[in-house]
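Asks: Supplied structure: final.csv, CSV, C-alpha atoms.
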chain,number,residue,atom,x,y,z
N,1,MET,CA,-22.9,9.7,-3.5
N,2,SER,CA,-19.8,11.6,-2.5
N,3,ARG,CA,-20.1,11.0,1.2
N,4,ARG,CA,-20.2,7.2,1.1
N,5,ALA,CA,-17.2,5.4,2.3
N,6,ALA,CA,-14.7,4.4,-0.4
N,7,ALA,CA,-15.3,0.8,-1.3
N,8,ALA,CA,-14.0,-1.6,1.2
N,9,ALA,CA,-10.2,-1.8,0.8
N,10,THR,CA,-9.2,-4.7,-1.4
N,11,LEU,CA,-6.0,-5.8,-3.0
N,12,THR,CA,-5.8,-4.2,-6.4
N,13,LEU,CA,-2.8,-6.2,-7.6
N,14,PRO,CA,-3.6,-9.9,-7.4
N,15,VAL,CA,-1.0,-12.3,-6.1
N,16,SER,CA,0.9,-13.8,-9.1
N,17,ASP,CA,4.3,-15.2,-10.0
N,18,ARG,CA,5.8,-11.7,-9.6
N,19,ASP,CA,5.4,-12.1,-5.9
N,20,HIS,CA,7.6,-13.6,-3.2
N,21,VAL,CA,5.5,-16.4,-1.7
N,22,GLN,CA,5.8,-18.9,1.1
N,23,GLY,CA,3.4,-21.8,1.3
N,24,PRO,CA,1.4,-23.7,-1.3
N,25,ALA,CA,-0.2,-22.0,-4.3
N,26,ASP,CA,-3.5,-23.8,-3.5
N,27,ALA,CA,-3.5,-22.8,0.2
N,28,LEU,CA,-7.0,-22.0,1.6
N,29,VAL,CA,-5.8,-18.6,2.8
N,30,THR,CA,-3.5,-16.1,1.4
N,31,LEU,CA,-2.0,-13.5,3.8
N,32,VAL,CA,-0.3,-10.5,2.1
N,33,GLU,CA,1.8,-8.1,4.1
N,34,TYR,CA,2.8,-4.6,3.0
N,35,GLY,CA,5.8,-3.8,5.1
N,36,ASP,CA,8.9,-1.7,5.6
N,37,TYR,CA,12.2,-3.2,6.9
N,38,GLU,CA,13.0,-0.2,9.0
N,39,CYS,CA,9.5,0.1,10.5
N,40,PRO,CA,9.4,-0.9,14.2
N,41,HIS,CA,5.8,-2.2,14.0
N,42,CYS,CA,6.8,-4.4,11.1
N,43,GLY,CA,9.7,-5.6,13.1
N,44,ARG,CA,7.2,-6.6,15.8
N,45,ALA,CA,4.9,-8.2,13.3
N,46,TYR,CA,7.7,-10.4,11.9
N,47,PRO,CA,7.8,-13.1,14.6
N,48,ILE,CA,4.0,-13.0,14.7
N,49,VAL,CA,3.7,-13.8,11.1
N,50,ARG,CA,6.2,-16.7,11.6
N,51,ALA,CA,4.0,-18.0,14.5
N,52,VAL,CA,0.8,-17.9,12.5
N,53,GLN,CA,2.6,-19.6,9.6
N,54,ARG,CA,3.6,-22.5,11.9
N,55,ARG,CA,0.1,-22.7,13.3
N,56,MET,CA,-1.7,-22.6,9.9
N,57,GLY,CA,0.8,-25.0,8.1
N,58,PRO,CA,-0.1,-25.7,4.5
N,59,ARG,CA,-3.4,-24.0,4.8
N,60,LEU,CA,-1.6,-20.6,4.6
N,61,ARG,CA,0.2,-18.9,1.8
N,62,PHE,CA,2.2,-15.8,2.8
N,63,VAL,CA,3.2,-12.9,0.5
N,64,PHE,CA,5.5,-10.0,1.4
N,65,ARG,CA,5.4,-6.7,-0.6
N,66,ASN,CA,7.4,-3.6,0.0
N,67,PHE,CA,5.9,-0.4,1.3
N,68,PRO,CA,9.0,1.6,2.3
N,69,LEU,CA,8.1,4.9,4.1
N,70,ARG,CA,11.1,6.7,2.8
N,71,GLU,CA,10.5,10.0,4.5
N,72,SER,CA,10.3,8.5,7.9
N,73,HIS,CA,12.8,5.6,7.4
N,74,PRO,CA,15.9,6.7,5.5
N,75,HIS,CA,17.2,3.1,5.1
N,76,ALA,CA,13.9,1.4,4.1
N,77,GLN,CA,14.1,1.9,0.4
N,78,HIS,CA,17.6,0.4,0.0
N,79,ALA,CA,16.7,-2.4,2.4
N,80,ALA,CA,13.7,-3.3,0.2
N,81,GLU,CA,15.9,-3.2,-2.9
N,82,ALA,CA,18.5,-5.4,-1.2
N,83,ALA,CA,15.8,-8.0,-0.5
N,84,GLU,CA,14.8,-7.9,-4.1
N,85,ALA,CA,18.4,-8.2,-5.2
N,86,ALA,CA,18.8,-11.2,-2.9
N,87,GLY,CA,15.6,-12.6,-4.5
N,88,ALA,CA,17.2,-12.3,-7.9
N,89,GLN,CA,19.8,-14.7,-6.5
N,90,GLY,CA,17.2,-17.0,-5.1
N,91,LYS,CA,17.4,-15.9,-1.5
N,92,PHE,CA,14.6,-13.4,-1.0
N,93,TRP,CA,13.3,-14.9,2.2
N,94,GLU,CA,16.7,-15.4,3.8
N,95,MET,CA,17.4,-11.7,3.3
N,96,HIS,CA,13.9,-10.7,4.4
N,97,ASP,CA,14.4,-12.5,7.7
N,98,ARG,CA,17.9,-11.1,8.1
N,99,LEU,CA,16.7,-7.5,7.6
N,100,PHE,CA,14.0,-7.8,10.2
N,101,GLU,CA,16.3,-9.5,12.6
N,102,ARG,CA,18.9,-6.7,12.2
N,103,GLN,CA,16.5,-3.7,11.8
N,104,PHE,CA,19.0,-1.6,13.7
N,105,ALA,CA,21.8,-2.0,11.2
N,106,LEU,CA,20.6,-1.2,7.6
N,107,GLU,CA,23.4,0.9,6.2
N,108,ASP,CA,24.4,-0.1,2.7
N,109,THR,CA,27.6,-1.7,4.1
N,110,ASP,CA,25.4,-3.8,6.3
N,111,LEU,CA,23.2,-4.9,3.4
N,112,VAL,CA,26.3,-6.0,1.4
N,113,GLU,CA,27.6,-7.8,4.5
N,114,TYR,CA,24.3,-9.7,4.9
N,115,ALA,CA,24.5,-10.8,1.3
N,116,ARG,CA,28.0,-12.2,1.9
N,117,GLU,CA,26.9,-14.0,5.1
N,118,LEU,CA,24.0,-15.6,3.1
N,119,GLY,CA,26.4,-16.9,0.5
N,120,LEU,CA,25.2,-14.5,-2.2
N,121,ASP,CA,27.3,-12.7,-4.8
N,122,ALA,CA,27.8,-9.7,-2.6
N,123,ALA,CA,29.6,-7.7,-5.4
N,124,ARG,CA,26.6,-8.2,-7.6
N,125,LEU,CA,24.2,-7.1,-4.9
N,126,ARG,CA,26.3,-4.0,-4.2
N,127,ARG,CA,26.3,-3.1,-7.9
N,128,GLU,CA,22.6,-3.7,-8.3
N,129,LEU,CA,21.9,-1.4,-5.3
N,130,ALA,CA,24.1,1.3,-6.8
N,131,GLU,CA,22.3,1.0,-10.2
N,132,ARG,CA,18.9,1.1,-8.4
N,133,ARG,CA,18.1,-2.0,-10.4
N,134,TYR,CA,15.1,-2.9,-8.2
N,135,GLU,CA,13.8,0.6,-7.6
N,136,PRO,CA,11.0,0.1,-10.2
N,137,ARG,CA,9.9,-3.2,-8.7
N,138,VAL,CA,9.8,-1.6,-5.1
N,139,ARG,CA,7.9,1.3,-6.6
N,140,GLU,CA,5.4,-1.1,-8.2
N,141,ASP,CA,4.8,-2.8,-4.8
N,142,PHE,CA,4.4,0.6,-3.2
N,143,ARG,CA,1.9,1.9,-5.8
N,144,SER,CA,-0.2,-1.3,-5.5
N,145,GLY,CA,-0.3,-0.8,-1.8
N,146,VAL,CA,-1.5,2.8,-2.0
N,147,THR,CA,-4.3,1.9,-4.5
N,148,SER,CA,-5.2,-1.0,-2.3
N,149,GLY,CA,-5.8,1.2,0.8
N,150,VAL,CA,-2.5,0.6,2.6
N,151,ASN,CA,-2.3,3.6,4.9
N,152,GLY,CA,0.5,2.6,7.2
N,153,THR,CA,2.8,-0.3,7.9
N,154,PRO,CA,2.3,-3.1,8.4
N,155,THR,CA,-1.0,-3.6,6.5
N,156,PHE,CA,-2.3,-7.1,6.0
N,157,PHE,CA,-4.7,-8.5,3.5
N,158,ILE,CA,-6.5,-11.8,4.0
N,159,ASN,CA,-7.7,-13.4,0.8
N,160,GLY,CA,-7.6,-9.9,-0.8
N,161,ALA,CA,-9.6,-8.0,1.9
N,162,ARG,CA,-7.7,-5.6,4.2
N,163,HIS,CA,-7.5,-6.8,7.7
N,164,ASP,CA,-8.4,-3.8,9.8
N,165,ALA,CA,-8.5,-5.6,13.2
N,166,ALA,CA,-5.5,-6.1,15.5
N,167,TRP,CA,-2.6,-8.2,14.1
N,168,ASP,CA,-1.3,-9.6,17.3
N,169,ALA,CA,-0.9,-13.4,17.1
N,170,GLU,CA,-4.3,-14.3,18.5
N,171,PRO,CA,-6.6,-12.0,16.5
N,172,LEU,CA,-4.6,-12.5,13.3
N,173,LEU,CA,-4.7,-16.3,13.7
N,174,ALA,CA,-8.4,-16.2,14.4
N,175,ALA,CA,-9.1,-14.2,11.2
N,176,LEU,CA,-7.0,-16.6,9.2
N,177,GLN,CA,-8.8,-19.6,10.6
N,178,GLN,CA,-12.1,-18.0,10.0
N,179,SER,CA,-11.1,-17.4,6.3
N,180,ALA,CA,-9.9,-21.0,6.1
N,181,ARG,CA,-13.3,-22.3,7.3
N,182,ARG,CA,-15.2,-20.1,4.8
N,183,ALA,CA,-12.9,-21.2,1.9
F,1,MET,CA,-24.8,22.2,8.9
F,2,SER,CA,-25.7,20.0,6.0
F,3,GLY,CA,-22.6,17.9,5.7
F,4,PRO,CA,-19.7,18.3,3.3
F,5,LEU,CA,-20.0,19.9,-0.1
F,6,ARG,CA,-20.8,17.3,-2.7
F,7,ALA,CA,-19.4,16.4,-6.1
F,8,GLY,CA,-20.5,18.9,-8.7
F,9,THR,CA,-20.4,21.9,-6.4
F,10,PRO,CA,-18.0,24.7,-7.3
F,11,ALA,CA,-15.3,24.8,-4.6
F,12,PRO,CA,-15.5,27.9,-2.5
F,13,ASP,CA,-12.5,30.1,-3.1
F,14,PHE,CA,-10.3,31.1,-0.2
F,15,MET,CA,-7.0,32.8,0.7
F,16,LEU,CA,-5.1,31.4,3.6
F,17,HIS,CA,-1.6,31.5,5.0
F,18,THR,CA,0.7,28.6,4.2
F,19,ALA,CA,3.5,30.2,6.1
F,20,PRO,CA,3.7,33.2,8.4
F,21,ASP,CA,4.6,35.4,5.4
F,22,LYS,CA,2.9,33.6,2.6
F,23,THR,CA,-0.7,33.1,1.4
F,24,VAL,CA,-2.3,31.0,-1.3
F,25,SER,CA,-5.7,31.2,-2.9
F,26,LEU,CA,-7.5,28.3,-4.4
F,27,ARG,CA,-8.1,30.4,-7.6
F,28,ASP,CA,-4.3,30.6,-8.1
F,29,LEU,CA,-4.3,26.8,-8.6
F,30,ARG,CA,-6.9,26.7,-11.4
F,31,GLY,CA,-5.6,24.5,-14.1
F,32,HIS,CA,-4.4,21.8,-11.6
F,33,PRO,CA,-6.5,19.3,-9.8
F,34,VAL,CA,-6.4,20.2,-6.1
F,35,ILE,CA,-6.6,17.8,-3.1
F,36,LEU,CA,-7.8,19.5,0.0
F,37,ALA,CA,-7.2,17.4,3.1
F,38,PHE,CA,-8.9,18.8,6.2
F,39,TYR,CA,-7.6,17.3,9.4
F,40,PRO,CA,-8.4,18.0,13.1
F,41,ALA,CA,-5.0,19.2,14.4
F,42,ASP,CA,-1.3,19.2,14.0
F,43,TRP,CA,0.6,16.8,16.3
F,44,SER,CA,-2.2,14.4,17.1
F,45,PRO,CA,-0.9,10.9,16.3
F,46,VAL,CA,-3.5,9.9,13.7
F,47,CYS,CA,-3.1,13.1,11.8
F,48,GLY,CA,0.7,12.6,11.8
F,49,ASP,CA,0.1,9.2,10.2
F,50,GLN,CA,-2.2,10.6,7.5
F,51,MET,CA,0.1,13.5,6.6
F,52,ALA,CA,3.1,11.2,6.7
F,53,LEU,CA,1.4,8.9,4.3
F,54,TYR,CA,0.6,11.7,1.9
F,55,ASN,CA,4.2,12.8,2.1
F,56,GLU,CA,5.2,9.4,0.8
F,57,VAL,CA,2.4,9.3,-1.8
F,58,LEU,CA,3.1,12.8,-3.1
F,59,PRO,CA,4.8,11.5,-6.3
F,60,GLU,CA,1.7,9.6,-7.1
F,61,PHE,CA,-0.4,12.7,-6.7
F,62,GLN,CA,2.1,14.7,-8.8
F,63,ARG,CA,1.7,12.1,-11.6
F,64,HIS,CA,-1.8,13.5,-11.9
F,65,ASP,CA,-0.5,17.1,-11.9
F,66,ALA,CA,-2.4,17.5,-8.6
F,67,GLU,CA,-1.6,20.0,-5.8
F,68,LEU,CA,-2.1,18.6,-2.3
F,69,MET,CA,-2.8,20.9,0.6
F,70,GLY,CA,-3.4,20.0,4.2
F,71,ILE,CA,-5.7,22.3,6.1
F,72,SER,CA,-6.5,22.7,9.8
F,73,VAL,CA,-7.4,25.4,12.3
F,74,ASP,CA,-3.9,25.5,13.6
F,75,GLY,CA,-1.9,28.7,13.1
F,76,ALA,CA,0.9,29.2,10.6
F,77,TRP,CA,3.6,29.0,13.2
F,78,CYS,CA,2.3,25.8,14.5
F,79,HIS,CA,2.0,24.4,10.9
F,80,LEU,CA,5.6,25.5,10.3
F,81,ALA,CA,6.9,23.6,13.3
F,82,PHE,CA,4.8,20.5,12.5
F,83,ALA,CA,5.8,20.4,8.8
F,84,ARG,CA,9.5,20.8,9.8
F,85,ASP,CA,9.3,18.0,12.4
F,86,ARG,CA,7.6,15.6,9.9
F,87,ARG,CA,9.6,16.9,6.9
F,88,LEU,CA,6.3,17.5,5.0
F,89,ARG,CA,6.9,18.5,1.4
F,90,PHE,CA,3.4,20.0,0.8
F,91,PRO,CA,1.8,23.1,2.2
F,92,LEU,CA,-0.4,23.2,5.3
F,93,LEU,CA,-3.1,25.9,5.3
F,94,ALA,CA,-4.0,27.8,8.5
F,95,ASP,CA,-7.8,28.1,8.7
F,96,PHE,CA,-7.1,30.1,11.8
F,97,GLU,CA,-8.7,33.6,11.6
F,98,PRO,CA,-11.7,33.7,11.6
F,99,LYS,CA,-11.3,30.2,13.0
F,100,GLY,CA,-12.6,27.5,10.8
F,101,ALA,CA,-14.2,29.8,8.3
F,102,VAL,CA,-13.1,27.8,5.2
F,103,ALA,CA,-14.0,24.5,6.9
F,104,ARG,CA,-17.5,25.9,7.6
F,105,ARG,CA,-18.0,26.8,3.9
F,106,TYR,CA,-17.0,23.3,2.9
F,107,GLY,CA,-19.4,21.9,5.5
F,108,VAL,CA,-16.8,20.1,7.6
F,109,TYR,CA,-16.4,22.2,10.7
F,110,ARG,CA,-17.2,20.6,14.1
F,111,ALA,CA,-18.4,23.7,16.0
F,112,ARG,CA,-18.8,21.7,19.2
F,113,ASP,CA,-15.1,20.5,19.1
F,114,GLY,CA,-13.6,23.6,17.6
F,115,PHE,CA,-11.8,21.7,14.8
F,116,THR,CA,-12.6,20.3,11.5
F,117,GLU,CA,-13.7,16.9,10.3
F,118,ARG,CA,-11.1,14.6,8.7
F,119,ALA,CA,-12.4,15.3,5.2
F,120,LEU,CA,-11.0,15.0,1.7
F,121,PHE,CA,-12.0,17.0,-1.4
F,122,VAL,CA,-10.7,16.5,-4.9
F,123,ILE,CA,-11.3,19.6,-7.0
F,124,ASP,CA,-10.9,19.5,-10.8
F,125,ARG,CA,-8.9,21.9,-13.0
F,126,ASP,CA,-11.9,24.1,-13.4
F,127,GLY,CA,-12.5,24.5,-9.6
F,128,ILE,CA,-15.4,22.0,-9.3
F,129,ILE,CA,-15.5,19.5,-6.5
F,130,ARG,CA,-15.4,16.0,-8.1
F,131,TRP,CA,-15.2,13.9,-4.9
F,132,SER,CA,-15.5,14.4,-1.2
F,133,TYR,CA,-15.2,12.1,1.7
F,134,VAL,CA,-15.5,12.4,5.5
F,135,SER,CA,-13.6,9.8,7.6
F,136,PRO,CA,-14.2,9.1,11.2
F,137,THR,CA,-12.0,11.4,13.1
F,138,ASP,CA,-9.7,8.6,14.4
F,139,VAL,CA,-9.4,6.8,11.1
F,140,ASN,CA,-6.7,7.5,8.6
F,141,PRO,CA,-8.6,7.6,5.3
F,142,GLY,CA,-5.6,6.6,3.3
F,143,ALA,CA,-4.9,7.7,-0.3
F,144,ASP,CA,-6.7,5.2,-2.4
F,145,GLY,CA,-9.9,7.2,-2.6
F,146,ILE,CA,-8.0,10.3,-3.7
F,147,LEU,CA,-6.1,8.4,-6.4
F,148,ARG,CA,-9.3,6.8,-7.7
F,149,ALA,CA,-10.9,10.3,-7.9
F,150,LEU,CA,-7.8,11.7,-9.7
F,151,GLU,CA,-8.0,8.8,-12.1
F,152,GLY,CA,-11.7,9.5,-12.6
F,153,LEU,CA,-10.8,13.1,-13.6
F,154,ALA,CA,-8.3,11.9,-16.1
F,155,ALA,CA,-10.8,9.4,-17.6
F,156,ALA,CA,-13.7,11.8,-17.8
F,157,PRO,CA,-12.9,15.5,-18.5
F,158,SER,CA,-15.3,17.6,-16.6
F,159,PRO,CA,-18.5,18.5,-18.6
F,160,ALA,CA,-18.4,22.0,-20.0
Let me see the file written as structure tokens.
Replies:
Amino acid sequence: MSRRAAAAATLTLPVSDRDHVQGPADALVTLVEYGDYECPHCGRAYPIVRAVQRRMGPRLRFVFRNFPLRESHPHAQHAAEAAEAAGAQGKFWEMHDRLFERQFALEDTDLVEYARELGLDAARLRRELAERRYEPRVREDFRSGVTSGVNGTPTFFINGARHDAAWDAEPLLAALQQSARRA
Amino acid sequence: MSGPLRAGTPAPDFMLHTAPDKTVSLRDLRGHPVILAFYPADWSPVCGDQMALYNEVLPEFQRHDAELMGISVDGAWCHLAFARDRRLRFPLLADFEPKGAVARRYGVYRARDGFTERALFVIDRDGIIRWSYVSPTDVNPGADGILRALEGLAAAPSPA
């Protein structure tokens, strides 16, 4: 049946200990975002995700994966690698938040400055960016997004199923609550 | 009109402009898997998203040795401006004169609208269509279906 729609988009790479996770492992609902630190829509989604996290509390586990649109956003790839480099020093989420809050300043010098402000080993982060240490990791995230049906950013998955409806706070929260009730 | 050509059908050959001074024929690409991405028009926002995504995913397609070509009824000069603006790194074919002739042969021309469906074809190394898909005009079909089809080609060489 060549004309049938491709199977409903689902997450091809399950959430595991490779991922950056906020919230309990046994949460009723897992929300996965594929995002790009330089994407304005992801910037708009960032406080929305924070708000639904507060509303859902321990019922929600949140995972962020990188989907840098490098052709449109020249700083997105390095920003993603900087977040991973911060993660290697135990501060992925601090850097993730900082990058979304300072979307307008994502030059390499800014990334190193943020590392310093967060109390990280900034020289190490600079070196790891130069070595492209986390490029394969970001690439793996990107690939998993493409095969999962990510076709723009941000794209969300709720318990493994792509969330195609609006992701403003109210509809996103409603979808999460519905999944929690079904769980 | 009986819908898009199905898997198993030989892909109709064509020769179209990819630039004002350059043409390509499907036959020239024998030996490579080919992805034909029909889209309604340059510049409309959804198309831009789809083509922008494919621009990003190009390395994944290339891992399968596949050639990607966008195709619409826009003329070569329009394609040139669009491709430059979006920094596209793959060719756009102009199905411009006679308008939509190639789309008609693939069963994806919308005569009433004067443009093509948003349709994807994956063609194997021997020129046989192995997968086709028509997306609602306003929905970005993404790249996952294409990648699955390319993986299918790699897993099961086409029958002789």
Asks: Could you jot down the CA of Glu56 (chain F) to CA of Arg70 (chain N) separation for me, Å, one decimal place?
Replies: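 About the pair CA of Glu56 (chain F) and CA of Arg70 (chain N): they are 6.8 Å apart.
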Asks: List every residue of chain F that has an atom at most 9 Å from any atom of chain N, giving for each one its closest atom pair and the distance in Å to one decimal, counting all atoms listed in the file, sorted by chain and then by ascending residue number, as a Markdown table.
Replies:
| residue | atom | partner | partner_atom | distance |
| --- | --- | --- | --- | --- |
| F:Gly3 | CA | N:Arg3 | CA | 8.6 |
| F:Pro4 | CA | N:Arg3 | CA | 7.6 |
| F:Leu5 | CA | N:Ser2 | CA | 8.6 |
| F:Arg6 | CA | N:Ser2 | CA | 5.8 |
| F:Ala7 | CA | N:Ser2 | CA | 6.0 |
| F:Asp49 | CA | N:Gly152 | CA | 7.3 |
| F:Gln50 | CA | N:Asn151 | CA | 7.5 |
| F:Ala52 | CA | N:Ser72 | CA | 7.8 |
| F:Leu53 | CA | N:Asn151 | CA | 6.5 |
| F:Asn55 | CA | N:Glu71 | CA | 7.3 |
| F:Glu56 | CA | N:Leu69 | CA | 6.3 |
| F:Val57 | CA | N:Val146 | CA | 7.6 |
| F:Glu60 | CA | N:Arg143 | CA | 7.8 |
| F:Arg86 | CA | N:Ser72 | CA | 7.9 |
| F:Arg87 | CA | N:Glu71 | CA | 7.4 |
| F:Leu88 | CA | N:Glu71 | CA | 8.6 |
| F:Arg130 | CA | N:Ser2 | CA | 8.4 |
| F:Trp131 | CA | N:Ser2 | CA | 5.7 |
| F:Ser132 | CA | N:Ser2 | CA | 5.3 |
| F:Tyr133 | CA | N:Arg3 | CA | 5.0 |
| F:Val134 | CA | N:Arg3 | CA | 6.5 |
| F:Ser135 | CA | N:Ala5 | CA | 7.8 |
| F:Asn140 | CA | N:Asn151 | CA | 6.9 |
| F:Pro141 | CA | N:Asn151 | CA | 7.5 |
| F:Gly142 | CA | N:Asn151 | CA | 4.7 |
| F:Ala143 | CA | N:Val146 | CA | 6.2 |
| F:Asp144 | CA | N:Thr147 | CA | 4.6 |
| F:Gly145 | CA | N:Ala6 | CA | 6.0 |
| F:Leu147 | CA | N:Thr147 | CA | 7.0 |
| F:Arg148 | CA | N:Thr147 | CA | 7.7 |
Asks: For the residues selected in the previous step, produce a file with C-alpha atoms as a short mmCIF file (atom, residue, chain, number, x, y, z; two decimals), in the coordinates of the input.
Replies:
data_model
loop_
_atom_site.label_atom_id
_atom_site.label_comp_id
_atom_site.auth_asym_id
_atom_site.auth_seq_id
_atom_site.Cartn_x
_atom_site.Cartn_y
_atom_site.Cartn_z
CA GLY F 3 -22.60 17.90 5.70
CA PRO F 4 -19.70 18.30 3.30
CA LEU F 5 -20.00 19.90 -0.10
CA ARG F 6 -20.80 17.30 -2.70
CA ALA F 7 -19.40 16.40 -6.10
CA ASP F 49 0.10 9.20 10.20
CA GLN F 50 -2.20 10.60 7.50
CA ALA F 52 3.10 11.20 6.70
CA LEU F 53 1.40 8.90 4.30
CA ASN F 55 4.20 12.80 2.10
CA GLU F 56 5.20 9.40 0.80
CA VAL F 57 2.40 9.30 -1.80
CA GLU F 60 1.70 9.60 -7.10
CA ARG F 86 7.60 15.60 9.90
CA ARG F 87 9.60 16.90 6.90
CA LEU F 88 6.30 17.50 5.00
CA ARG F 130 -15.40 16.00 -8.10
CA TRP F 131 -15.20 13.90 -4.90
CA SER F 132 -15.50 14.40 -1.20
CA TYR F 133 -15.20 12.10 1.70
CA VAL F 134 -15.50 12.40 5.50
CA SER F 135 -13.60 9.80 7.60
CA ASN F 140 -6.70 7.50 8.60
CA PRO F 141 -8.60 7.60 5.30
CA GLY F 142 -5.60 6.60 3.30
CA ALA F 143 -4.90 7.70 -0.30
CA ASP F 144 -6.70 5.20 -2.40
CA GLY F 145 -9.90 7.20 -2.60
CA LEU F 147 -6.10 8.40 -6.40
CA ARG F 148 -9.30 6.80 -7.70
#
Asks: Excluding Ala76 (chain F) and its own-chain neighbours fewer than 3 positions away, which residues fall within 10 Å of it when counting only C-alpha atoms? Please give them as a list in words.
Replies: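 The neighbour list is Leu16, His17, Thr18, Ala19, Pro20, Asp21, Lys22, Ser72, Val73, His79, Leu80, Ala81, Phe82, Leu92, Leu93, Ala94, Asp95 and Phe96 of chain F.
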Asks: So that I can see what lies close to region 160-175 of chain N, please list as a VMD selection string the residues with an atom at most 10 Å from it, counting all atoms listed in the file and leaving out residues fewer than 3 positions away in the same chain.
Replies: chain N and resid 8 to 15 29 to 33 44 to 45 47 to 53 55 to 56 148 to 150 154 to 157 178 to 181
Asks: Can you tell me, as a list of chain:residue names, what residues are no more than 8 Å from Leu125 (chain N) when counting all atoms listed in the file, ignoring any on the same chain fewer than 2 positions away?
Replies: N:Ala82, N:Ala85, N:Ala86, N:Val112, N:Ala115, N:Leu120, N:Asp121, N:Ala122, N:Ala123, N:Arg127, N:Glu128, N:Leu129
Asks: So how many Å separate CA of Gly152 (chain F) and CA of Ile71 (chain F), to one decimal?
Replies: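 Answer for the CA of Gly152 (chain F) to CA of Ile71 (chain F) separation: 23.4 Å.
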Asks: If I take CA of Tyr37 (chain N) and CA of Ala76 (chain N), how far is one from the other in Å, to one decimal?
Replies: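 For CA of Tyr37 (chain N) relative to CA of Ala76 (chain N), the distance reads 5.6 Å.
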Asks: Looking at only C-alpha atoms, which of F:Met69, F:Met51, F:Ala41, F:Cys78 is the one that sits closest to Ser25 (chain F)?
Replies: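 The answer is F:Met69, which sits nearest to Ser25 (chain F).
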Asks: Find, counting only C-alpha atoms, the residue in F:Pro91, F:Gly75, F:Pro40, F:Gly107 that gets nearest to Tyr54 (chain F).
Replies: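 Among the listed residues, the smallest separation from Tyr54 (chain F) belongs to F:Pro91.
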